[in-house]
file work26.cif (mmCIF, N, CA and C atoms)
data_structure
loop_
_atom_site.label_atom_id
_atom_site.label_comp_id
_atom_site.auth_asym_id
_atom_site.auth_seq_id
_atom_site.Cartn_x
_atom_site.Cartn_y
_atom_site.Cartn_z
N MET P 1 9.45 -11.35 9.09
CA MET P 1 8.37 -10.42 9.25
C MET P 1 7.28 -10.74 8.24
N GLU P 2 6.07 -10.39 8.60
CA GLU P 2 4.93 -10.71 7.77
C GLU P 2 4.06 -9.47 7.60
N ILE P 3 3.62 -9.24 6.37
CA ILE P 3 2.62 -8.21 6.15
C ILE P 3 1.27 -8.87 6.32
N GLU P 4 0.55 -8.45 7.36
CA GLU P 4 -0.75 -9.05 7.65
C GLU P 4 -1.80 -8.60 6.66
N TRP P 5 -1.78 -7.31 6.30
CA TRP P 5 -2.71 -6.84 5.29
C TRP P 5 -2.14 -5.67 4.53
N LEU P 6 -2.61 -5.58 3.30
CA LEU P 6 -2.27 -4.51 2.37
C LEU P 6 -3.61 -4.13 1.74
N ILE P 7 -4.19 -3.02 2.19
CA ILE P 7 -5.56 -2.66 1.83
C ILE P 7 -5.57 -1.36 1.04
N LEU P 8 -6.32 -1.34 -0.04
CA LEU P 8 -6.55 -0.13 -0.81
C LEU P 8 -7.83 0.51 -0.30
N ALA P 9 -7.82 1.84 -0.15
CA ALA P 9 -8.98 2.54 0.41
C ALA P 9 -9.11 3.92 -0.20
N ASP P 10 -10.30 4.48 -0.07
CA ASP P 10 -10.50 5.87 -0.49
C ASP P 10 -9.73 6.81 0.43
N SER P 11 -9.69 6.46 1.73
CA SER P 11 -8.97 7.26 2.71
C SER P 11 -8.57 6.35 3.87
N ALA P 12 -7.40 6.59 4.45
CA ALA P 12 -6.93 5.78 5.58
C ALA P 12 -6.03 6.62 6.47
N GLN P 13 -6.07 6.30 7.76
CA GLN P 13 -5.13 6.91 8.70
C GLN P 13 -4.95 5.97 9.88
N VAL P 14 -3.81 6.11 10.54
CA VAL P 14 -3.51 5.35 11.74
C VAL P 14 -3.36 6.35 12.88
N ASN P 15 -4.07 6.09 13.96
CA ASN P 15 -4.01 6.94 15.14
C ASN P 15 -4.01 6.02 16.36
N GLY P 16 -2.96 6.10 17.18
CA GLY P 16 -2.88 5.23 18.35
C GLY P 16 -2.78 3.76 17.98
N ASN P 17 -2.12 3.45 16.88
CA ASN P 17 -1.98 2.11 16.31
C ASN P 17 -3.33 1.46 15.99
N LYS P 18 -4.35 2.30 15.75
CA LYS P 18 -5.65 1.84 15.25
C LYS P 18 -5.80 2.34 13.83
N LEU P 19 -6.27 1.47 12.95
CA LEU P 19 -6.44 1.80 11.54
C LEU P 19 -7.87 2.28 11.30
N TYR P 20 -8.00 3.45 10.67
CA TYR P 20 -9.30 4.00 10.32
C TYR P 20 -9.37 4.07 8.79
N LEU P 21 -10.39 3.42 8.22
CA LEU P 21 -10.56 3.36 6.77
C LEU P 21 -11.91 3.94 6.36
N LEU P 22 -11.91 4.59 5.20
CA LEU P 22 -13.15 4.96 4.50
C LEU P 22 -13.06 4.33 3.13
N GLY P 23 -14.08 3.61 2.76
CA GLY P 23 -14.11 3.00 1.43
C GLY P 23 -12.95 2.05 1.22
N GLY P 24 -12.71 1.16 2.18
CA GLY P 24 -11.56 0.26 2.10
C GLY P 24 -11.88 -1.10 1.50
N GLY P 25 -10.85 -1.72 0.94
CA GLY P 25 -10.96 -3.09 0.45
C GLY P 25 -11.36 -3.21 -1.01
N TRP P 26 -11.24 -2.15 -1.77
CA TRP P 26 -11.64 -2.23 -3.17
C TRP P 26 -10.54 -2.81 -4.05
N ASP P 27 -10.94 -3.24 -5.27
CA ASP P 27 -9.96 -3.75 -6.23
C ASP P 27 -10.17 -3.15 -7.62
N ALA P 28 -11.01 -2.11 -7.69
CA ALA P 28 -11.23 -1.42 -8.97
C ALA P 28 -11.58 0.04 -8.69
N ILE P 29 -11.10 0.90 -9.58
CA ILE P 29 -11.41 2.33 -9.53
C ILE P 29 -12.12 2.68 -10.84
N MET P 30 -13.30 3.28 -10.73
CA MET P 30 -14.03 3.77 -11.90
C MET P 30 -13.66 5.24 -12.09
N VAL P 31 -13.03 5.56 -13.21
CA VAL P 31 -12.61 6.92 -13.51
C VAL P 31 -13.68 7.55 -14.40
N GLN P 32 -14.27 8.65 -13.93
CA GLN P 32 -15.37 9.30 -14.64
C GLN P 32 -14.92 10.48 -15.50
N LYS P 33 -13.62 10.71 -15.57
CA LYS P 33 -13.08 11.82 -16.37
C LYS P 33 -12.24 11.25 -17.51
N ALA P 34 -11.93 12.11 -18.46
CA ALA P 34 -11.06 11.69 -19.56
C ALA P 34 -9.63 11.54 -19.04
N PHE P 35 -8.93 10.54 -19.55
CA PHE P 35 -7.53 10.32 -19.18
C PHE P 35 -6.67 11.37 -19.87
N PRO P 36 -5.57 11.77 -19.29
CA PRO P 36 -5.01 11.36 -18.00
C PRO P 36 -5.73 12.07 -16.83
N VAL P 37 -5.72 11.39 -15.67
CA VAL P 37 -6.32 11.95 -14.45
C VAL P 37 -5.38 11.70 -13.28
N ASN P 38 -5.55 12.49 -12.24
CA ASN P 38 -4.85 12.26 -10.98
C ASN P 38 -5.86 11.67 -10.01
N GLN P 39 -5.59 10.47 -9.50
CA GLN P 39 -6.52 9.76 -8.63
C GLN P 39 -5.96 9.69 -7.21
N ALA P 40 -6.70 10.23 -6.26
CA ALA P 40 -6.30 10.15 -4.85
C ALA P 40 -6.84 8.86 -4.24
N PHE P 41 -6.02 8.20 -3.45
CA PHE P 41 -6.44 7.04 -2.67
C PHE P 41 -5.40 6.76 -1.60
N SER P 42 -5.65 5.74 -0.81
CA SER P 42 -4.76 5.40 0.30
C SER P 42 -4.38 3.94 0.26
N ILE P 43 -3.25 3.64 0.86
CA ILE P 43 -2.79 2.26 1.04
C ILE P 43 -2.52 2.06 2.53
N ALA P 44 -3.15 1.05 3.11
CA ALA P 44 -2.96 0.72 4.52
C ALA P 44 -2.20 -0.59 4.63
N VAL P 45 -1.23 -0.61 5.54
CA VAL P 45 -0.36 -1.78 5.70
C VAL P 45 -0.23 -2.11 7.18
N SER P 46 -0.28 -3.40 7.49
CA SER P 46 0.01 -3.88 8.84
C SER P 46 1.16 -4.87 8.75
N ILE P 47 2.17 -4.65 9.59
CA ILE P 47 3.35 -5.53 9.61
C ILE P 47 3.44 -6.17 10.98
N LYS P 48 3.54 -7.50 10.98
CA LYS P 48 3.76 -8.24 12.22
C LYS P 48 5.26 -8.40 12.40
N VAL P 49 5.77 -7.85 13.50
CA VAL P 49 7.21 -7.86 13.75
C VAL P 49 7.50 -8.90 14.85
N PRO P 50 8.24 -9.95 14.53
CA PRO P 50 8.57 -10.97 15.52
C PRO P 50 9.45 -10.40 16.64
N TRP P 51 9.39 -11.02 17.79
CA TRP P 51 10.14 -10.62 18.98
C TRP P 51 11.61 -10.34 18.66
N ASN P 52 12.24 -11.25 17.92
CA ASN P 52 13.68 -11.12 17.63
C ASN P 52 14.00 -10.02 16.62
N SER P 53 12.97 -9.42 16.00
CA SER P 53 13.19 -8.33 15.05
C SER P 53 12.81 -6.97 15.62
N THR P 54 12.39 -6.94 16.89
CA THR P 54 12.07 -5.67 17.53
C THR P 54 13.37 -4.97 17.93
N ASN P 55 13.25 -3.68 18.24
CA ASN P 55 14.39 -2.85 18.64
C ASN P 55 15.49 -2.80 17.58
N GLN P 56 15.07 -2.91 16.31
CA GLN P 56 15.98 -2.81 15.17
C GLN P 56 15.29 -1.98 14.09
N LYS P 57 16.08 -1.25 13.33
CA LYS P 57 15.52 -0.49 12.21
C LYS P 57 15.31 -1.43 11.03
N HIS P 58 14.17 -1.22 10.36
CA HIS P 58 13.83 -1.99 9.16
C HIS P 58 13.37 -1.02 8.08
N ASN P 59 13.60 -1.38 6.84
CA ASN P 59 13.17 -0.58 5.69
C ASN P 59 11.89 -1.16 5.12
N PHE P 60 11.00 -0.28 4.67
CA PHE P 60 9.81 -0.73 3.96
C PHE P 60 9.68 0.10 2.68
N GLU P 61 9.01 -0.50 1.71
CA GLU P 61 8.81 0.17 0.43
C GLU P 61 7.48 -0.29 -0.15
N ILE P 62 6.76 0.65 -0.72
CA ILE P 62 5.54 0.35 -1.47
C ILE P 62 5.79 0.83 -2.89
N GLU P 63 5.57 -0.04 -3.86
CA GLU P 63 5.73 0.33 -5.27
C GLU P 63 4.46 -0.03 -6.02
N ILE P 64 4.06 0.87 -6.92
CA ILE P 64 2.90 0.61 -7.76
C ILE P 64 3.40 0.46 -9.19
N LEU P 65 3.04 -0.67 -9.80
CA LEU P 65 3.43 -0.96 -11.17
C LEU P 65 2.19 -0.94 -12.06
N GLY P 66 2.37 -0.47 -13.29
CA GLY P 66 1.29 -0.48 -14.28
C GLY P 66 1.82 -1.02 -15.58
N GLU P 67 0.90 -1.55 -16.39
CA GLU P 67 1.30 -2.08 -17.68
C GLU P 67 1.51 -0.94 -18.66
N ASP P 68 2.61 -1.00 -19.38
CA ASP P 68 2.87 -0.05 -20.46
C ASP P 68 2.04 -0.53 -21.66
N PRO P 69 1.06 0.28 -22.13
CA PRO P 69 0.21 -0.17 -23.24
C PRO P 69 0.99 -0.49 -24.52
N GLN P 70 2.15 0.15 -24.70
CA GLN P 70 2.94 -0.07 -25.90
C GLN P 70 3.63 -1.45 -25.87
N THR P 71 4.24 -1.79 -24.72
CA THR P 71 5.05 -3.02 -24.64
C THR P 71 4.42 -4.12 -23.80
N GLU P 72 3.35 -3.78 -23.04
CA GLU P 72 2.69 -4.70 -22.12
C GLU P 72 3.61 -5.16 -20.99
N GLU P 73 4.71 -4.43 -20.78
CA GLU P 73 5.60 -4.72 -19.66
C GLU P 73 5.21 -3.86 -18.47
N GLN P 74 5.57 -4.30 -17.28
CA GLN P 74 5.29 -3.55 -16.07
C GLN P 74 6.28 -2.40 -15.94
N LYS P 75 5.76 -1.22 -15.59
CA LYS P 75 6.62 -0.06 -15.34
C LYS P 75 6.25 0.53 -13.99
N SER P 76 7.23 1.10 -13.32
CA SER P 76 6.99 1.70 -12.01
C SER P 76 6.25 3.02 -12.18
N MET P 77 5.13 3.15 -11.47
CA MET P 77 4.33 4.37 -11.51
C MET P 77 4.59 5.25 -10.29
N ALA P 78 4.89 4.60 -9.16
CA ALA P 78 5.14 5.33 -7.91
C ALA P 78 5.90 4.43 -6.97
N LYS P 79 6.70 5.05 -6.13
CA LYS P 79 7.46 4.31 -5.12
C LYS P 79 7.59 5.19 -3.89
N MET P 80 7.31 4.63 -2.72
CA MET P 80 7.46 5.36 -1.47
C MET P 80 7.96 4.40 -0.41
N GLY P 81 8.57 4.93 0.61
CA GLY P 81 9.08 4.04 1.65
C GLY P 81 9.71 4.82 2.77
N GLY P 82 10.35 4.09 3.66
CA GLY P 82 10.99 4.67 4.81
C GLY P 82 11.50 3.60 5.74
N GLN P 83 11.67 3.98 6.99
CA GLN P 83 12.15 3.05 8.02
C GLN P 83 11.16 2.98 9.16
N PHE P 84 11.19 1.87 9.88
CA PHE P 84 10.42 1.74 11.10
C PHE P 84 11.21 0.93 12.10
N GLU P 85 10.90 1.14 13.35
CA GLU P 85 11.50 0.38 14.44
C GLU P 85 10.42 0.17 15.50
N VAL P 86 10.23 -1.06 15.89
CA VAL P 86 9.22 -1.40 16.90
C VAL P 86 9.95 -1.82 18.16
N GLY P 87 9.63 -1.16 19.26
CA GLY P 87 10.24 -1.50 20.54
C GLY P 87 9.39 -2.49 21.32
N ARG P 88 9.96 -2.98 22.39
CA ARG P 88 9.25 -3.90 23.29
C ARG P 88 8.73 -3.10 24.48
N PRO P 89 7.42 -2.95 24.58
CA PRO P 89 6.89 -2.19 25.71
C PRO P 89 7.12 -2.92 27.03
N PRO P 90 7.17 -2.18 28.13
CA PRO P 90 7.36 -2.82 29.43
C PRO P 90 6.23 -3.81 29.72
N GLY P 91 6.60 -4.94 30.28
CA GLY P 91 5.61 -5.93 30.68
C GLY P 91 5.11 -6.87 29.59
N ILE P 92 5.60 -6.69 28.36
CA ILE P 92 5.14 -7.58 27.29
C ILE P 92 5.70 -8.98 27.52
N PRO P 93 4.90 -10.02 27.32
CA PRO P 93 5.41 -11.38 27.48
C PRO P 93 6.55 -11.67 26.49
N GLN P 94 7.56 -12.35 26.95
CA GLN P 94 8.69 -12.69 26.09
C GLN P 94 8.21 -13.50 24.90
N GLY P 95 8.70 -13.14 23.72
CA GLY P 95 8.37 -13.86 22.49
C GLY P 95 7.15 -13.32 21.76
N GLN P 96 6.42 -12.37 22.32
CA GLN P 96 5.21 -11.87 21.67
C GLN P 96 5.54 -10.97 20.49
N ASP P 97 4.85 -11.21 19.36
CA ASP P 97 5.00 -10.36 18.18
C ASP P 97 4.40 -8.99 18.44
N GLN P 98 4.88 -8.02 17.68
CA GLN P 98 4.35 -6.65 17.73
C GLN P 98 3.75 -6.31 16.37
N ARG P 99 2.79 -5.41 16.37
CA ARG P 99 2.17 -4.96 15.12
C ARG P 99 2.46 -3.48 14.93
N ILE P 100 2.82 -3.13 13.70
CA ILE P 100 2.92 -1.72 13.31
C ILE P 100 2.02 -1.53 12.10
N GLN P 101 1.27 -0.44 12.11
CA GLN P 101 0.38 -0.13 11.00
C GLN P 101 0.77 1.22 10.41
N MET P 102 0.58 1.33 9.10
CA MET P 102 0.89 2.56 8.39
C MET P 102 -0.20 2.83 7.37
N ALA P 103 -0.43 4.11 7.11
CA ALA P 103 -1.36 4.52 6.06
C ALA P 103 -0.65 5.55 5.20
N MET P 104 -0.66 5.33 3.91
CA MET P 104 -0.05 6.25 2.96
C MET P 104 -1.14 6.81 2.07
N ASN P 105 -1.22 8.13 2.01
CA ASN P 105 -2.18 8.80 1.15
C ASN P 105 -1.43 9.36 -0.04
N LEU P 106 -1.94 9.10 -1.23
CA LEU P 106 -1.22 9.52 -2.42
C LEU P 106 -2.16 9.96 -3.52
N VAL P 107 -1.60 10.63 -4.49
CA VAL P 107 -2.30 10.98 -5.72
C VAL P 107 -1.50 10.35 -6.84
N LEU P 108 -2.15 9.44 -7.57
CA LEU P 108 -1.47 8.68 -8.61
C LEU P 108 -1.92 9.16 -9.98
N PRO P 109 -0.99 9.57 -10.85
CA PRO P 109 -1.38 9.93 -12.21
C PRO P 109 -1.72 8.66 -13.00
N LEU P 110 -2.90 8.67 -13.61
CA LEU P 110 -3.35 7.53 -14.42
C LEU P 110 -3.51 7.99 -15.86
N ASP P 111 -2.79 7.31 -16.75
CA ASP P 111 -2.83 7.68 -18.17
C ASP P 111 -3.89 6.91 -18.94
N SER P 112 -4.26 5.72 -18.43
CA SER P 112 -5.19 4.87 -19.18
C SER P 112 -5.78 3.81 -18.26
N PRO P 113 -6.86 3.17 -18.71
CA PRO P 113 -7.39 2.04 -17.93
C PRO P 113 -6.39 0.89 -17.93
N GLY P 114 -6.60 -0.07 -17.05
CA GLY P 114 -5.74 -1.25 -17.02
C GLY P 114 -5.47 -1.72 -15.61
N SER P 115 -4.68 -2.77 -15.52
CA SER P 115 -4.34 -3.37 -14.23
C SER P 115 -3.10 -2.72 -13.63
N LYS P 116 -3.14 -2.57 -12.32
CA LYS P 116 -2.02 -2.03 -11.55
C LYS P 116 -1.70 -3.02 -10.44
N THR P 117 -0.44 -3.08 -10.05
CA THR P 117 0.00 -3.98 -8.98
C THR P 117 0.67 -3.16 -7.90
N VAL P 118 0.28 -3.41 -6.65
CA VAL P 118 0.90 -2.76 -5.50
C VAL P 118 1.76 -3.81 -4.80
N ILE P 119 3.05 -3.52 -4.65
CA ILE P 119 3.99 -4.46 -4.03
C ILE P 119 4.54 -3.82 -2.75
N ALA P 120 4.49 -4.59 -1.67
CA ALA P 120 5.05 -4.15 -0.40
C ALA P 120 6.31 -4.95 -0.14
N ARG P 121 7.38 -4.25 0.21
CA ARG P 121 8.66 -4.91 0.51
C ARG P 121 9.12 -4.52 1.90
N ILE P 122 9.75 -5.47 2.58
CA ILE P 122 10.38 -5.22 3.87
C ILE P 122 11.84 -5.62 3.74
N ASP P 123 12.72 -4.71 4.09
CA ASP P 123 14.17 -4.94 3.99
C ASP P 123 14.55 -5.49 2.63
N GLY P 124 13.92 -4.93 1.57
CA GLY P 124 14.27 -5.28 0.20
C GLY P 124 13.61 -6.52 -0.35
N GLU P 125 12.89 -7.27 0.48
CA GLU P 125 12.25 -8.51 0.04
C GLU P 125 10.75 -8.30 -0.14
N GLU P 126 10.20 -8.80 -1.25
CA GLU P 126 8.76 -8.70 -1.44
C GLU P 126 8.04 -9.47 -0.35
N ALA P 127 7.08 -8.82 0.30
CA ALA P 127 6.35 -9.44 1.40
C ALA P 127 4.87 -9.65 1.06
N ARG P 128 4.33 -8.84 0.18
CA ARG P 128 2.92 -8.98 -0.19
C ARG P 128 2.64 -8.13 -1.42
N ARG P 129 1.62 -8.54 -2.17
CA ARG P 129 1.18 -7.76 -3.32
C ARG P 129 -0.32 -7.88 -3.48
N THR P 130 -0.89 -6.85 -4.09
CA THR P 130 -2.30 -6.86 -4.43
C THR P 130 -2.45 -6.13 -5.76
N GLN P 131 -3.58 -6.34 -6.42
CA GLN P 131 -3.80 -5.70 -7.71
C GLN P 131 -5.11 -4.92 -7.69
N PHE P 132 -5.18 -3.94 -8.58
CA PHE P 132 -6.45 -3.25 -8.80
C PHE P 132 -6.55 -2.88 -10.27
N ARG P 133 -7.80 -2.66 -10.69
CA ARG P 133 -8.07 -2.29 -12.07
C ARG P 133 -8.55 -0.85 -12.13
N VAL P 134 -8.10 -0.16 -13.15
CA VAL P 134 -8.61 1.17 -13.45
C VAL P 134 -9.57 0.99 -14.62
N VAL P 135 -10.82 1.41 -14.40
CA VAL P 135 -11.87 1.22 -15.39
C VAL P 135 -12.36 2.58 -15.85
N ALA P 136 -12.49 2.74 -17.18
CA ALA P 136 -13.01 4.00 -17.73
C ALA P 136 -14.52 3.99 -17.61
N GLY P 137 -15.04 5.03 -16.95
CA GLY P 137 -16.50 5.16 -16.83
C GLY P 137 -17.03 6.07 -17.90
N ASN P 138 -18.22 6.56 -17.72
CA ASN P 138 -18.85 7.47 -18.67
C ASN P 138 -18.21 8.84 -18.49
N THR P 139 -17.52 9.31 -19.50
CA THR P 139 -16.85 10.61 -19.41
C THR P 139 -17.73 11.74 -19.93
N GLY P 140 -18.96 11.45 -20.30
CA GLY P 140 -19.90 12.48 -20.73
C GLY P 140 -19.71 12.95 -22.15
N ARG P 141 -18.94 12.19 -22.92
CA ARG P 141 -18.72 12.59 -24.32
C ARG P 141 -19.64 11.84 -25.23
#

call {"tool": "encode", "arguments": {"input": "work26.cif", "output": "structure tokens"}}
result
Amino acid sequence: MEIEWLILADSAQVNGNKLYLLGGGWDAIMVQKAFPVNQAFSIAVSIKVPWNSTNQKHNFEIEILGEDPQTEEQKSMAKMGGQFEVGRPPGIPQGQDQRIQMAMNLVLPLDSPGSKTVIARIDGEEARRTQFRVVAGNTGR
């Protein structure tokens, strides 16, 4: 299986297997308040499911890692996941891949500026990752 895209957005939803994004494709968040803050955003994922992997349950997981300022090691900030199963619709040509899309909306507590990594896993294996930066803006002080 392949993750076709892993997109960060201000807002995302999937309706009728169509992805709707607002403010999608960013790699930095400017925080205008004093830390710590709770930051709302969305993660959109598309998974290409091969013919031989359809009609089976699969696990997915999204994990967000951040650097610990004290040790500079990565620590888990959030983890979410579940299961999916893609069926073969009637009349589909034999061997054709299927696509499933998901949108996760979350509020992430941010303690400080720095780099964050979003990792997508399918059936326990890392399939894709992306990074974003949290940047401190003018907090008015």

call {"tool": "resolve_selection", "arguments": {"input": "work26.cif", "expression": "the PyMOL selection byres (((chain P and resi 46-54 and name CA) around 12) and name CA)", "output": "ChimeraX atom specification"}}
result
/P:1-7,13-14,17-19,43-45,55-60,84-89,92-104,120-123,127-128

call {"tool": "resolve_selection", "arguments": {"input": "work26.cif", "expression": "the PyMOL selection byres ((chain P and resi 27) around 7)", "output": "number ranges by chain"}}
result
P: 8, 25-26, 28-29, 131-134

call {"tool": "closest_residue", "arguments": {"input": "work26.cif", "among": "P:Val37, P:Leu21, P:Val135, P:Leu110", "to": "Ala9 of chain P", "atoms": "only N, CA and C atoms"}}
result
P:Leu21

call {"tool": "select_by_dssp", "arguments": {"input": "work26.cif", "residues": "segment 70-118 of chain P", "states": "strand (DSSP E or B)", "output": "number ranges by chain"}}
result
P: 74-85, 98-110, 114-118

call {"tool": "atom_distance", "arguments": {"input": "work26.cif", "atom1": "atom CA of Gly82 of chain P", "atom2": "atom CA of Glu63 of chain P"}}
result
12.2 Å

call {"tool": "resolve_selection", "arguments": {"input": "work26.cif", "expression": "the PyMOL selection byres ((chain P and resi 75) around 6)", "output": "PDB file with N, CA and C atoms, in the coordinates of the input"}}
result
ATOM      1  N   ILE P  64       4.060   0.870  -6.920  1.00  0.00           N
ATOM      2  CA  ILE P  64       2.900   0.610  -7.760  1.00  0.00           C
ATOM      3  C   ILE P  64       3.400   0.460  -9.190  1.00  0.00           C
ATOM      4  N   LEU P  65       3.040  -0.670  -9.800  1.00  0.00           N
ATOM      5  CA  LEU P  65       3.430  -0.960 -11.170  1.00  0.00           C
ATOM      6  C   LEU P  65       2.190  -0.940 -12.060  1.00  0.00           C
ATOM      7  N   GLY P  66       2.370  -0.470 -13.290  1.00  0.00           N
ATOM      8  CA  GLY P  66       1.290  -0.480 -14.280  1.00  0.00           C
ATOM      9  C   GLY P  66       1.820  -1.020 -15.580  1.00  0.00           C
ATOM     10  N   GLU P  67       0.900  -1.550 -16.390  1.00  0.00           N
ATOM     11  CA  GLU P  67       1.300  -2.080 -17.680  1.00  0.00           C
ATOM     12  C   GLU P  67       1.510  -0.940 -18.660  1.00  0.00           C
ATOM     13  N   ASP P  68       2.610  -1.000 -19.380  1.00  0.00           N
ATOM     14  CA  ASP P  68       2.870  -0.050 -20.460  1.00  0.00           C
ATOM     15  C   ASP P  68       2.040  -0.530 -21.660  1.00  0.00           C
ATOM     16  N   GLU P  73       4.710  -4.430 -20.780  1.00  0.00           N
ATOM     17  CA  GLU P  73       5.600  -4.720 -19.660  1.00  0.00           C
ATOM     18  C   GLU P  73       5.210  -3.860 -18.470  1.00  0.00           C
ATOM     19  N   GLN P  74       5.570  -4.300 -17.280  1.00  0.00           N
ATOM     20  CA  GLN P  74       5.290  -3.550 -16.070  1.00  0.00           C
ATOM     21  C   GLN P  74       6.280  -2.400 -15.940  1.00  0.00           C
ATOM     22  N   SER P  76       7.230   1.100 -13.320  1.00  0.00           N
ATOM     23  CA  SER P  76       6.990   1.700 -12.010  1.00  0.00           C
ATOM     24  C   SER P  76       6.250   3.020 -12.180  1.00  0.00           C
ATOM     25  N   MET P  77       5.130   3.150 -11.470  1.00  0.00           N
ATOM     26  CA  MET P  77       4.330   4.370 -11.510  1.00  0.00           C
ATOM     27  C   MET P  77       4.590   5.250 -10.290  1.00  0.00           C
TER      28      MET P  77
END

call {"tool": "axis_aligned_box", "arguments": {"input": "work26.cif", "around": "segment 40-56 of chain P", "padding_each_side": "4 Å", "output": "AutoDock Vina command-line options"}}
result
--center_x 4.6 --center_y -0.5 --center_z 6.4 --size_x 30.8 --size_y 29.5 --size_z 33.2

call {"tool": "closest_residue", "arguments": {"input": "work26.cif", "among": "P:Glu61, P:Asp111, P:Ala12, P:Lys116", "to": "Lys79 of chain P", "atoms": "all atoms listed in the file"}}
result
P:Glu61

call {"tool": "closest_residue", "arguments": {"input": "work26.cif", "among": "P:Ser42, P:Gln32, P:Asn15, P:Gln83", "to": "Val118 of chain P", "atoms": "only C-alpha atoms"}}
result
P:Ser42

call {"tool": "atom_distance", "arguments": {"input": "work26.cif", "atom1": "atom CA of Val107 of chain P", "atom2": "atom CA of Gly137 of chain P"}}
result
18.9 Å

call {"tool": "atom_distance", "arguments": {"input": "work26.cif", "atom1": "atom N of Ala136 of chain P", "atom2": "atom CA of Ala40 of chain P"}}
result
15.7 Å

call {"tool": "closest_residue", "arguments": {"input": "work26.cif", "among": "P:Pro90, P:Gly81, P:Pro109, P:Gly114", "to": "Asn38 of chain P", "atoms": "all atoms listed in the file"}}
result
P:Pro109

call {"tool": "closest_residue", "arguments": {"input": "work26.cif", "among": "P:Ser11, P:Ala78, P:Met30, P:Gly24", "to": "Ser112 of chain P", "atoms": "only C-alpha atoms"}}
result
P:Met30

call {"tool": "closest_residue", "arguments": {"input": "work26.cif", "among": "P:Leu22, P:Gly16, P:Leu108, P:Thr117", "to": "Arg129 of chain P", "atoms": "all atoms listed in the file"}}
result
P:Thr117
